[in-house]
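Engineer: Pasting start13.txt here (compact mmCIF, C-alpha atoms):
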```txt
# COMPACT_ATOMS: atom_id res chain seq x y z
CA MET A 186 150.62 86.11 141.34
CA SER A 187 151.44 86.44 137.69
CA ALA A 188 154.01 88.84 136.35
CA ARG A 189 151.22 90.92 134.79
CA SER A 190 149.40 91.58 138.05
CA VAL A 191 152.30 93.12 139.99
CA SER A 192 154.16 96.22 138.97
CA PHE A 193 156.96 98.05 140.72
CA THR A 194 157.46 101.79 140.45
CA GLY A 195 160.55 103.87 141.25
CA ALA A 196 160.98 104.75 144.94
CA ARG A 197 158.15 102.46 145.98
CA ALA A 198 159.83 99.37 144.54
CA ASN A 199 159.47 97.54 147.83
CA LYS A 200 155.66 97.86 147.75
CA PRO A 201 154.04 95.89 144.92
CA ARG A 202 150.92 97.38 143.35
CA ILE A 203 148.39 94.68 142.56
CA SER A 204 146.32 95.24 139.44
CA THR A 205 142.58 94.62 139.51
CA MET A 206 142.54 93.64 135.83
CA PRO A 207 142.26 89.99 134.87
CA SER A 208 145.50 88.63 133.42
CA PHE A 209 144.05 88.16 129.93
CA VAL A 210 143.23 91.89 129.53
CA CYS A 211 145.99 93.64 127.61
CA ASN A 212 144.21 96.97 127.07
CA PRO A 213 142.43 98.25 130.22
CA LYS A 214 140.96 101.32 128.49
CA ASP A 215 139.12 99.20 125.96
CA PHE A 216 138.00 96.80 128.68
CA TRP A 217 136.42 99.55 130.80
CA MET A 218 134.94 101.24 127.72
CA GLY A 219 133.39 97.93 126.70
CA LEU A 220 131.95 97.52 130.18
CA LEU A 221 130.46 101.03 130.01
CA TYR A 222 128.95 100.30 126.58
CA LEU A 223 127.55 97.04 127.92
CA VAL A 224 125.92 98.67 130.95
CA VAL A 225 124.42 101.60 129.01
CA GLY A 226 123.27 99.44 126.09
CA GLY A 227 121.78 96.85 128.43
CA ALA A 228 120.02 99.55 130.45
CA GLY A 229 118.60 101.04 127.25
CA LEU A 230 117.21 97.69 126.19
CA PHE A 231 115.86 96.98 129.66
CA TYR A 232 114.12 100.32 130.18
CA GLY A 233 112.87 100.55 126.61
CA ARG A 234 111.46 97.02 126.43
CA ASP A 235 107.84 98.17 126.79
CA TYR A 236 108.01 100.76 124.00
CA VAL A 237 106.70 99.94 120.53
CA ILE A 238 109.60 99.79 118.06
CA GLY A 239 107.65 100.11 114.83
CA SER A 240 109.42 100.10 111.48
CA ALA A 241 111.75 102.44 109.63
CA ALA A 242 108.77 103.88 107.75
CA ASN A 243 106.59 104.20 110.86
CA MET A 244 108.88 104.61 113.87
CA GLY A 245 107.51 104.03 117.32
CA PRO A 246 108.84 105.59 120.54
CA GLY A 247 111.13 102.60 121.09
CA PHE A 248 112.77 102.63 117.64
CA PHE A 249 115.65 104.97 118.43
CA PRO A 250 116.43 103.61 121.95
CA PHE A 251 116.34 100.01 120.71
CA TYR A 252 118.73 100.49 117.81
CA ILE A 253 121.10 102.79 119.72
CA SER A 254 121.21 100.22 122.54
CA CYS A 255 121.96 97.47 120.03
CA LEU A 256 124.78 99.56 118.54
CA LEU A 257 126.21 100.13 122.02
CA LEU A 258 126.17 96.38 122.66
CA ILE A 259 127.99 95.80 119.35
CA PHE A 260 130.57 98.41 120.40
CA ALA A 261 130.88 96.61 123.74
CA VAL A 262 131.76 93.35 121.99
CA ILE A 263 134.29 95.15 119.76
CA SER A 264 135.87 96.86 122.79
CA PHE A 265 136.09 93.61 124.74
CA VAL A 266 137.74 91.87 121.77
CA ARG A 267 140.19 94.76 121.42
CA SER A 268 140.95 94.64 125.14
CA VAL A 269 142.31 91.10 124.84
CA THR A 270 143.93 91.37 121.39
CA THR A 271 145.73 94.74 121.51
CA THR A 272 148.12 96.24 124.03
CA GLY A 273 147.21 99.54 125.60
CA GLU A 274 147.93 101.74 128.55
CA ALA A 275 146.18 101.84 131.88
CA VAL A 276 143.29 104.17 132.59
CA GLY A 277 144.44 107.55 133.86
CA PRO A 278 142.77 109.74 136.46
CA ILE A 279 139.05 110.35 136.03
CA ALA A 280 138.03 113.95 135.23
CA TRP A 281 135.34 114.25 137.91
CA LYS A 282 134.99 118.01 137.44
CA ALA A 283 134.21 117.62 133.74
CA ILE A 284 131.79 114.76 134.39
CA ALA A 285 129.96 116.77 137.07
CA LEU A 286 129.75 119.94 134.95
CA ILE A 287 128.52 118.22 131.81
CA THR A 288 126.03 116.03 133.67
CA GLY A 289 124.86 119.02 135.70
CA GLY A 290 124.44 121.08 132.54
CA VAL A 291 122.29 118.42 130.89
CA LEU A 292 120.18 118.00 134.03
CA ALA A 293 119.80 121.77 134.41
CA PHE A 294 118.76 122.01 130.76
CA GLY A 295 116.08 119.37 131.24
CA PHE A 296 114.80 121.05 134.39
CA LEU A 297 114.90 124.64 133.10
CA ILE A 298 113.84 124.40 129.43
CA GLU A 299 110.10 124.70 130.18
CA ARG A 300 110.57 127.19 133.03
CA ALA A 301 113.27 129.54 131.70
CA GLY A 302 113.01 128.82 127.98
CA LEU A 303 115.60 128.21 125.31
CA ALA A 304 116.99 131.75 125.40
CA MET A 305 118.10 131.36 129.02
CA THR A 306 118.77 127.63 129.22
CA MET A 307 120.95 127.17 126.15
CA PRO A 308 123.64 129.69 127.25
CA LEU A 309 123.75 128.02 130.68
CA LEU A 310 124.24 124.60 129.07
CA LEU A 311 126.96 125.91 126.76
CA VAL A 312 128.90 127.68 129.51
CA LEU A 313 128.71 124.71 131.91
CA GLY A 314 129.92 122.41 129.15
CA ALA A 315 132.75 124.78 128.27
CA LEU A 316 133.81 125.09 131.92
CA ALA A 317 134.56 121.37 131.84
CA SER A 318 137.60 122.16 129.70
CA ASP A 319 140.81 123.40 131.29
CA ARG A 320 141.39 125.64 128.25
CA PHE A 321 138.13 127.58 128.54
CA SER A 322 138.28 131.33 129.06
CA LEU A 323 135.32 133.69 129.00
CA GLU A 324 135.98 136.51 126.56
CA TRP A 325 133.94 138.50 124.08
CA ARG A 326 134.35 135.91 121.27
CA THR A 327 133.03 133.20 123.55
CA ALA A 328 130.01 135.30 124.52
CA LEU A 329 129.36 136.09 120.87
CA GLY A 330 129.54 132.38 120.00
CA VAL A 331 127.10 131.50 122.79
CA ILE A 332 124.64 134.13 121.58
CA ALA A 333 124.97 133.04 117.94
CA PHE A 334 124.52 129.36 118.81
CA THR A 335 121.48 130.12 120.97
CA LEU A 336 119.88 132.13 118.16
CA ALA A 337 120.65 129.37 115.67
CA CYS A 338 119.08 126.74 117.96
CA ALA A 339 116.00 128.89 118.46
CA ALA A 340 115.64 129.43 114.72
CA LEU A 341 116.23 125.78 113.86
CA PHE A 342 114.23 123.99 116.54
CA THR A 343 111.40 126.43 117.21
CA TYR A 344 110.81 128.01 113.82
CA GLY A 345 112.46 125.62 111.36
CA LEU A 346 111.29 122.30 112.82
CA GLY A 347 108.27 123.69 114.67
CA LEU A 348 109.13 121.98 117.96
CA PRO A 349 107.14 123.26 120.96
CA ILE A 350 110.18 124.63 122.79
CA PRO A 351 109.49 127.98 124.44
CA ILE A 352 111.93 130.78 123.66
CA LEU A 353 111.07 132.36 127.03
CA GLY A 354 109.65 129.99 129.60
CA SER A 355 106.87 130.24 132.14
CA TRP A 356 109.04 132.28 134.52
CA PHE A 357 109.01 135.19 132.06
CA ARG A 358 105.31 135.22 131.18
```
Please re-express this file's structure in structure tokens.
Structural biologist:
Amino acid sequence: MSARSVSFTGARANKPRISTMPSFVCNPKDFWMGLLYLVVGGAGLFYGRDYVIGSAANMGPGFFPFYISCLLLIFAVISFVRSVTTTGEAVGPIAWKAIALITGGVLAFGFLIERAGLAMTMPLLLVLGALASDRFSLEWRTALGVIAFTLACAALFTYGLGLPIPILGSWFR
């Protein structure tokens, strides 16, 4: 075992903790971030391979996914290079509550937008996203902000851009 792979901590000095990081990785956060970029960028390229890319003047349905996936792969390379050239701290605990709330909010938005409409779905998404923070508190200013943001989204997306997003969904018709 190399000196990098074993660390001793305080009262548990008699029990070595073995690191799962390769010895050449100096910055675990950048390493894991690079791996995440690599997986998401690779998945985007894989699942979007059958879409027509088009050109900048005439974008096809695969234009945005292709270029975003390529950017993620570039970020992956940068993160991997940083993980072996800079020193950084280990990854801390994962915020599972925040991940679950934000992912659940996005999934709920996708499921409810046609059924409940923007007026009901947007506040749900905003509150679920805000609950992911430990500093969130529901008060009158928060409620006013949610209402104002929902109205702004309705005005921008439905009326300004003309997107076919229902203000009130099929459940309210």
Engineer: Kindly give the distance, in Å, that separates CA of Leu223 (chain A) and CA of Leu286 (chain A), rounded to a single decimal.
Structural biologist: 24.1 Å
Engineer: With only C-alpha atoms as the atoms that count, which of A:Tyr344, A:Phe294, A:Phe231, A:Trp281 lies nearest to Ser318 (chain A)?
Structural biologist: A:Trp281
Engineer: So which one's closest to Glu299 (chain A), A:Ile253, A:Ile350, A:Ala228, A:Ile284? Using all atoms listed in the file, please.
Structural biologist: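 Of the candidates, the smallest distance to Glu299 (chain A) is held by A:Ile350.
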Engineer: Please list as a PyMOL selection string every residue within 12 Å of Gly239 (chain A), counting only C-alpha atoms and excluding residues in the same chain fewer than 4 positions away.
Structural biologist: chain A and resi 243-252
Engineer: Please measure the separation of CA of Val237 (chain A) and CA of Gly219 (chain A), giving the value in Å to one decimal.
Structural biologist: 27.5 Å
Engineer: As an exercise, work out the distance from CA of Val210 (chain A) to CA of Ser268 (chain A) in Å and give it to one decimal place.
Structural biologist: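 So the two atoms, CA of Val210 (chain A) and CA of Ser268 (chain A), lie 5.7 Å apart.
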Engineer: Just the residues within 8 Å of Gly229 (chain A), please, counting only C-alpha atoms, with nothing from its chain fewer than 3 positions along; format it as a PDB file with C-alpha atoms, in the frame of the given file.
Structural biologist:
```
ATOM      1  CA  VAL A 225     124.420 101.600 129.010  1.00  0.00           C
ATOM      2  CA  GLY A 226     123.270  99.440 126.090  1.00  0.00           C
ATOM      3  CA  TYR A 232     114.120 100.320 130.180  1.00  0.00           C
ATOM      4  CA  GLY A 233     112.870 100.550 126.610  1.00  0.00           C
ATOM      5  CA  PRO A 250     116.430 103.610 121.950  1.00  0.00           C
ATOM      6  CA  PHE A 251     116.340 100.010 120.710  1.00  0.00           C
ATOM      7  CA  SER A 254     121.210 100.220 122.540  1.00  0.00           C
TER       8      SER A 254
END
```
Engineer: Tell me, as a list in words, which residues lie within 12 Å of Gly295 (chain A), counting only C-alpha atoms; anything in the same chain fewer than 4 positions away does not count.
Structural biologist: Thr288, Gly289, Gly290, Val291, Glu299, Arg300, Ala301, Gly302, Leu303, Thr306, Met307, Leu309, Leu310 and Ile350 of chain A
Engineer: Just the selected residues (C-alpha atoms), exported as a PDB file, keeping the file's coordinate frame, please.
Structural biologist:
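Generated file (out_16.pdb):
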```
ATOM      1  CA  THR A 288     126.030 116.030 133.670  1.00  0.00           C
ATOM      2  CA  GLY A 289     124.860 119.020 135.700  1.00  0.00           C
ATOM      3  CA  GLY A 290     124.440 121.080 132.540  1.00  0.00           C
ATOM      4  CA  VAL A 291     122.290 118.420 130.890  1.00  0.00           C
ATOM      5  CA  GLU A 299     110.100 124.700 130.180  1.00  0.00           C
ATOM      6  CA  ARG A 300     110.570 127.190 133.030  1.00  0.00           C
ATOM      7  CA  ALA A 301     113.270 129.540 131.700  1.00  0.00           C
ATOM      8  CA  GLY A 302     113.010 128.820 127.980  1.00  0.00           C
ATOM      9  CA  LEU A 303     115.600 128.210 125.310  1.00  0.00           C
ATOM     10  CA  THR A 306     118.770 127.630 129.220  1.00  0.00           C
ATOM     11  CA  MET A 307     120.950 127.170 126.150  1.00  0.00           C
ATOM     12  CA  LEU A 309     123.750 128.020 130.680  1.00  0.00           C
ATOM     13  CA  LEU A 310     124.240 124.600 129.070  1.00  0.00           C
ATOM     14  CA  ILE A 350     110.180 124.630 122.790  1.00  0.00           C
TER      15      ILE A 350
END
```
Engineer: Could you check which of A:Asn212, A:Ser322, A:Thr335, A:Thr327 is closest to Met305 (chain A), using only C-alpha atoms?
Structural biologist: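 When distances to Met305 (chain A) are compared using only C-alpha atoms, the smallest one comes from A:Thr335.
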Engineer: Can you pull out every residue within 10 Å of Lys214 (chain A), counting only C-alpha atoms, but drop anything in the same chain fewer than 4 positions away, and send it as a list of chain:residue names?
Structural biologist: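 Counting only C-alpha atoms, the residues come to A:Val210, A:Met218, A:Gly219, A:Leu220, A:Ser264, A:Phe265, A:Arg267, A:Ser268, A:Thr272, A:Gly273, A:Glu274, A:Ala275, A:Val276, A:Gly277.
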Engineer: Just the residues within 12 Å of Asp319 (chain A), please, counting only C-alpha atoms, with nothing from its chain fewer than 4 positions along; format it as a PyMOL selection string.
Structural biologist: chain A and resi 280+282-283+314-315+323
Engineer: For Phe334 (chain A), which residue among A:Ala242, A:Cys211, A:Val312, A:Ile287 is the nearest when counting only C-alpha atoms?
Structural biologist: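 Between A:Ala242, A:Cys211, A:Val312, A:Ile287, the residue approaching Phe334 (chain A) most closely is A:Val312.
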Engineer: Considering all atoms listed in the file, state which residue in the set A:Ala285, A:Leu336, A:Val224, A:Ala317 is at the smallest distance from Cys255 (chain A).
Structural biologist: A:Val224
Engineer: Please enclose the listed atoms of region 240-256 of chain A in an axis-aligned box, pad each side by 8 Å, and write out the centre and the three edge lengths in Å, rounded to one decimal, as JSON.
Structural biologist:
```
{"center_x": 115.7, "center_y": 101.5, "center_z": 115.1, "size_x": 34.2, "size_y": 24.1, "size_z": 30.8}
```
Engineer: Mind filling out region 313-324 of chain A with all heavy atoms and sending it as a tab-separated table (two decimals), keeping the file's coordinate frame?
Structural biologist:
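Listed below is the output, out22.tsv:
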```tsv
chain	number	residue	atom	x	y	z
A	313	LEU	N	128.35	125.82	131.02
A	313	LEU	CA	128.71	124.71	131.91
A	313	LEU	C	129.51	123.65	131.17
A	313	LEU	O	130.48	123.11	131.72
A	313	LEU	CB	127.46	124.09	132.53
A	313	LEU	CG	126.80	124.88	133.65
A	313	LEU	CD1	125.51	124.20	134.10
A	313	LEU	CD2	127.75	125.04	134.82
A	314	GLY	N	129.14	123.36	129.94
A	314	GLY	CA	129.92	122.41	129.15
A	314	GLY	C	131.32	122.92	128.85
A	314	GLY	O	132.29	122.16	128.89
A	315	ALA	N	131.44	124.20	128.57
A	315	ALA	CA	132.75	124.78	128.27
A	315	ALA	C	133.63	124.84	129.51
A	315	ALA	O	134.85	124.68	129.43
A	315	ALA	CB	132.59	126.17	127.67
A	316	LEU	N	133.04	125.06	130.68
A	316	LEU	CA	133.81	125.09	131.92
A	316	LEU	C	134.45	123.74	132.24
A	316	LEU	O	135.39	123.68	133.04
A	316	LEU	CB	132.92	125.52	133.09
A	316	LEU	CG	132.59	127.00	133.19
A	316	LEU	CD1	131.54	127.24	134.25
A	316	LEU	CD2	133.83	127.82	133.46
A	317	ALA	N	133.97	122.69	131.63
A	317	ALA	CA	134.56	121.37	131.84
A	317	ALA	C	135.97	121.28	131.25
A	317	ALA	O	136.76	120.44	131.66
A	317	ALA	CB	133.67	120.29	131.24
A	318	SER	N	136.28	122.15	130.31
A	318	SER	CA	137.60	122.16	129.70
A	318	SER	C	138.55	123.03	130.51
A	318	SER	O	138.17	124.09	131.01
A	318	SER	CB	137.50	122.70	128.27
A	318	SER	OG	138.79	122.90	127.74
A	319	ASP	N	139.80	122.60	130.60
A	319	ASP	CA	140.81	123.40	131.29
A	319	ASP	C	141.24	124.59	130.45
A	319	ASP	O	141.83	125.53	130.97
A	319	ASP	CB	142.04	122.54	131.60
A	319	ASP	CG	141.73	121.45	132.61
A	319	ASP	OD1	140.82	121.65	133.44
A	319	ASP	OD2	142.39	120.39	132.56
A	320	ARG	N	140.96	124.57	129.15
A	320	ARG	CA	141.39	125.64	128.25
A	320	ARG	C	140.33	126.72	128.04
A	320	ARG	O	140.54	127.64	127.27
A	320	ARG	CB	141.77	125.04	126.89
A	320	ARG	CG	142.94	124.08	127.01
A	320	ARG	CD	143.29	123.51	125.69
A	320	ARG	NE	142.16	122.73	125.18
A	320	ARG	CZ	142.23	121.86	124.22
A	320	ARG	NH1	143.38	121.66	123.62
A	320	ARG	NH2	141.18	121.20	123.82
A	321	PHE	N	139.21	126.62	128.73
A	321	PHE	CA	138.13	127.58	128.54
A	321	PHE	C	138.47	128.92	129.19
A	321	PHE	O	138.98	128.97	130.29
A	321	PHE	CB	136.83	127.04	129.15
A	321	PHE	CG	135.71	128.04	129.15
A	321	PHE	CD1	135.09	128.41	127.97
A	321	PHE	CD2	135.29	128.63	130.33
A	321	PHE	CE1	134.06	129.32	127.97
A	321	PHE	CE2	134.26	129.54	130.33
A	321	PHE	CZ	133.64	129.89	129.16
A	322	SER	N	138.17	129.98	128.48
A	322	SER	CA	138.28	131.33	129.06
A	322	SER	C	137.11	132.15	128.51
A	322	SER	O	136.81	132.10	127.32
A	322	SER	CB	139.61	131.98	128.70
A	322	SER	OG	139.71	132.18	127.31
A	323	LEU	N	136.48	132.88	129.39
A	323	LEU	CA	135.32	133.69	129.00
A	323	LEU	C	135.82	135.03	128.47
A	323	LEU	O	136.42	135.81	129.19
A	323	LEU	CB	134.38	133.89	130.19
A	323	LEU	CG	133.06	134.56	129.88
A	323	LEU	CD1	132.29	133.75	128.84
A	323	LEU	CD2	132.22	134.70	131.13
A	324	GLU	N	135.60	135.25	127.21
A	324	GLU	CA	135.98	136.51	126.56
A	324	GLU	C	134.87	136.89	125.60
A	324	GLU	O	133.88	136.19	125.46
A	324	GLU	CB	137.33	136.37	125.87
A	324	GLU	CG	137.43	135.19	124.93
A	324	GLU	CD	138.83	134.97	124.42
A	324	GLU	OE1	139.79	135.03	125.21
A	324	GLU	OE2	138.95	134.75	123.21
```
